[in-house]
Number of protein chains: 2
Amino acid sequence: MHHIDVSIEQDVYDANNRIAHATFEHLREHGVRAFDLLGAIGSGKTSLVERLVPMLKERGLRAGAIAGDVYGEDDFQRILATGAPAVNANTGKECHLDAHLVQHAVEKLPLDEIDILFIENVGNMVCPTDFQLGAEKRIVVVSTTEGDDVANKHPMIFRASTIAVINKTDLADAVGCNVDRVEQDIYRYNPSMPVFKTNLRTESDLNNLLDEILR
Amino acid sequence: MHHIDVSIEQDVYDANNRIAHATFEHLREHGVRAFDLLGAIGSGKTSLVERLVPMLKERGLRAGAIAGDVYGEDDFQRILATGAPAVNANTGKECHLDAHLVQHAVEKLPLDEIDILFIENVGNMVCPTDFQLGAEKRIVVVSTTEGDDVANKHPMIFRASTIAVINKTDLADAVGCNVDRVEQDIYRYNPSMPVFKTNLRTESDLNNLLDEILR
């Protein structure tokens, strides 16, 4: 029966990716560039969006967001408070966004008022990896509080993403995290990956990160 | 014993990727951006390099190349004829370049006279996929003569690459290749992948491809 299971799994990914490609095209037609933010709960994805929205505004770019969570409006309300148009996408019980959910979220956004769309995935370092959403790049965010073995434990998400962020570097000493080890582990899985060390208290490296996102 | 085999395989990739990252950093220090060209024998990788070298020159950029092959100097001599500095990298019997071989090839190049380095992999759509070389982007080239099921058969190389080229579109009708099917199969594996349809007789889309490579 193993062969049949694998086929069904592949069909699920294929169907997801067809929708993801349609979303990618739809966004491009409206001049919107989308970026998928992946990472564990507490890695700082929402805080990053909160900081990047005004930085984009300074560069003359209008941000929008889709806030993905299993349940609730916590992240959604924080993003709304930045003034960016946002849609809340609750998965109900699923541990990741999928292309179909994102397609419907996109329908609710005023695309002609958005240049850059952040899609904040459900906090999870495993399951979102295989579900493309139609984003131009995928940004994986880890935090020093997750331990310096965090990258080593998650090869697939680093192989399947475009940009890596090691966040909360200001807490590295307090939590005993060797940031260099995290960085070296990332390069072991993705040798040419751009890696940014951020610290949302001091804006260290945030401008460089935004340059790379927009490149 | 299965567990041990998997560990050894992982060690090989890890060791390869550490060298690939060192190469990536070394190239960056010299202001060189590298691009890995992947694809089957006859897909047109060398012809693409021959065309892109003078186009880069028109844009004020100096190209260099590493020509990867199991044996012989055929591709190497064609690239040398463009005037670009090049190194021949024969694998001897291996079906793909690895980071160690590329590291030594890079040592032989005049890096301070190169802005853009093409690394032409061994013609093979499977084995090179898992061996990163330190390139900023990976460009996978397929030809209409490979049949319109070519992308469908090779999910991994499209997932692990950055840009796709469907080459020899001028032969599509003659060989009965449905180019749209190839393109849709690529999106099924990598929904946001930039895909270029090229035809080295007429330069169709070559400038757009070069824009995307340099982005």
# chains A, B, ... in the order shown; residues from 1 in each chain; ligands from 1
$ residues_around --residues "B:Asp74" --least-positions-apart "3" --cutoff "12 Å" --atoms "only C-alpha atoms" --output "PyMOL selection string"
chain B and resi 46-47+67-71+77-81+88-90
$ closest_atom_pairs --of "chain A" --to "chain B" --cutoff "8 Å" --atoms "only C-alpha atoms" --output "CSV"
residue,atom,partner,partner_atom,distance
A:Asp14,CA,B:Arg188,CA,5.5
A:Ala15,CA,B:Arg188,CA,7.8
A:Asn17,CA,B:Arg188,CA,5.1
A:Arg18,CA,B:Arg188,CA,5.6
A:Ala20,CA,B:Pro191,CA,5.8
A:His21,CA,B:Pro191,CA,4.4
A:Phe24,CA,B:Ser192,CA,6.2
A:Gln132,CA,B:Pro191,CA,7.0
A:Gly134,CA,B:Ser192,CA,5.9
A:Ala135,CA,B:Ser192,CA,6.5
A:Glu136,CA,B:Ser192,CA,5.7
A:Arg159,CA,B:Ala160,CA,7.9
A:Ala160,CA,B:Ala160,CA,7.8
A:Tyr187,CA,B:His21,CA,6.2
A:Arg188,CA,B:Asn17,CA,5.1
A:Tyr189,CA,B:Asn17,CA,6.8
A:Asn190,CA,B:Asn17,CA,7.3
A:Pro191,CA,B:His21,CA,4.4
A:Ser192,CA,B:Glu136,CA,5.7
A:Arg215,CA,B:Arg215,CA,6.7
$ closest_residue --among "B:Met156, B:Ile41, B:Leu117, B:Val32" --to "B:Gly64" --atoms "only C-alpha atoms"
B:Leu117
$ residues_around --residues "B:Ile139" --least-positions-apart "3" --cutoff "8 Å" --atoms "only C-alpha atoms" --output "number ranges by chain"
B: 35-38, 161-165
$ residues_around --residues "A:Val49" --least-positions-apart "3" --cutoff "9 Å" --atoms "only C-alpha atoms" --output "ChimeraX atom specification"
/A:44-46,52-53,65,79,82,118,120
$ write_last_selection --atoms "all heavy atoms" --output "compact mmCIF listing (two decimals), in the first residue's frame"
# COMPACT_ATOMS: atom_id res chain seq x y z
N GLY A 44 9.46 35.70 16.13
CA GLY A 44 9.45 37.14 15.89
C GLY A 44 8.94 37.53 14.52
O GLY A 44 9.20 38.63 14.04
N LYS A 45 8.16 36.66 13.88
CA LYS A 45 7.66 36.95 12.54
C LYS A 45 6.75 38.19 12.54
O LYS A 45 6.90 39.08 11.70
CB LYS A 45 6.87 35.75 11.98
CG LYS A 45 7.69 34.47 11.86
CD LYS A 45 6.91 33.33 11.23
CE LYS A 45 5.73 32.84 12.05
NZ LYS A 45 6.09 32.34 13.41
N THR A 46 5.81 38.24 13.47
CA THR A 46 4.89 39.39 13.50
C THR A 46 5.64 40.68 13.84
O THR A 46 5.41 41.73 13.23
CB THR A 46 3.76 39.15 14.51
OG1 THR A 46 3.20 37.85 14.30
CG2 THR A 46 2.66 40.19 14.34
N LEU A 52 9.00 46.15 9.56
CA LEU A 52 9.28 46.34 8.13
C LEU A 52 8.23 47.22 7.45
O LEU A 52 8.54 47.94 6.50
CB LEU A 52 9.38 44.98 7.42
CG LEU A 52 10.58 44.11 7.83
CD1 LEU A 52 10.53 42.75 7.12
CD2 LEU A 52 11.92 44.81 7.53
N VAL A 53 7.00 47.21 7.94
CA VAL A 53 5.94 48.01 7.30
C VAL A 53 6.32 49.50 7.26
O VAL A 53 6.31 50.11 6.18
CB VAL A 53 4.57 47.79 7.99
CG1 VAL A 53 3.54 48.81 7.52
CG2 VAL A 53 4.06 46.37 7.69
N ALA A 65 -0.62 42.47 4.43
CA ALA A 65 -0.24 41.22 5.08
C ALA A 65 -1.40 40.24 5.17
O ALA A 65 -2.57 40.62 5.21
CB ALA A 65 0.31 41.49 6.49
N ILE A 79 -0.80 43.52 13.26
CA ILE A 79 -0.43 44.01 11.92
C ILE A 79 -1.37 45.14 11.50
O ILE A 79 -0.93 46.15 10.95
CB ILE A 79 -0.43 42.85 10.89
CG1 ILE A 79 0.69 41.86 11.24
CG2 ILE A 79 -0.26 43.39 9.49
CD1 ILE A 79 0.65 40.57 10.46
N THR A 82 -0.44 48.59 12.41
CA THR A 82 0.61 49.30 11.65
C THR A 82 0.00 50.16 10.55
O THR A 82 0.70 50.96 9.93
CB THR A 82 1.58 48.31 10.96
OG1 THR A 82 0.85 47.62 9.91
CG2 THR A 82 2.17 47.31 11.93
N PHE A 118 3.28 40.58 2.85
CA PHE A 118 3.87 39.58 3.74
C PHE A 118 2.81 38.52 4.06
O PHE A 118 1.69 38.85 4.44
CB PHE A 118 4.35 40.22 5.04
CG PHE A 118 5.53 41.14 4.85
CD1 PHE A 118 5.41 42.51 5.08
CD2 PHE A 118 6.75 40.64 4.42
CE1 PHE A 118 6.49 43.36 4.89
CE2 PHE A 118 7.84 41.48 4.22
CZ PHE A 118 7.71 42.85 4.46
N GLU A 120 2.36 35.75 6.65
CA GLU A 120 2.95 35.18 7.85
C GLU A 120 2.35 33.81 8.09
O GLU A 120 1.16 33.68 8.36
CB GLU A 120 2.68 36.10 9.05
CG GLU A 120 3.36 35.57 10.29
CD GLU A 120 3.10 36.40 11.54
OE1 GLU A 120 2.79 37.60 11.42
OE2 GLU A 120 3.22 35.82 12.63
$ atom_distance --atom1 "atom CA of B:Asp130" --atom2 "atom CA of B:Cys95"
11.8 Å
$ select_by_dssp --residues "stretch 67-206 of chain A" --states "strand (DSSP E or B)" --output "VMD selection string"
chain A and resid 67 to 69 86 to 90 116 to 120 124 137 to 143 163 to 167 195 to 197 199 204
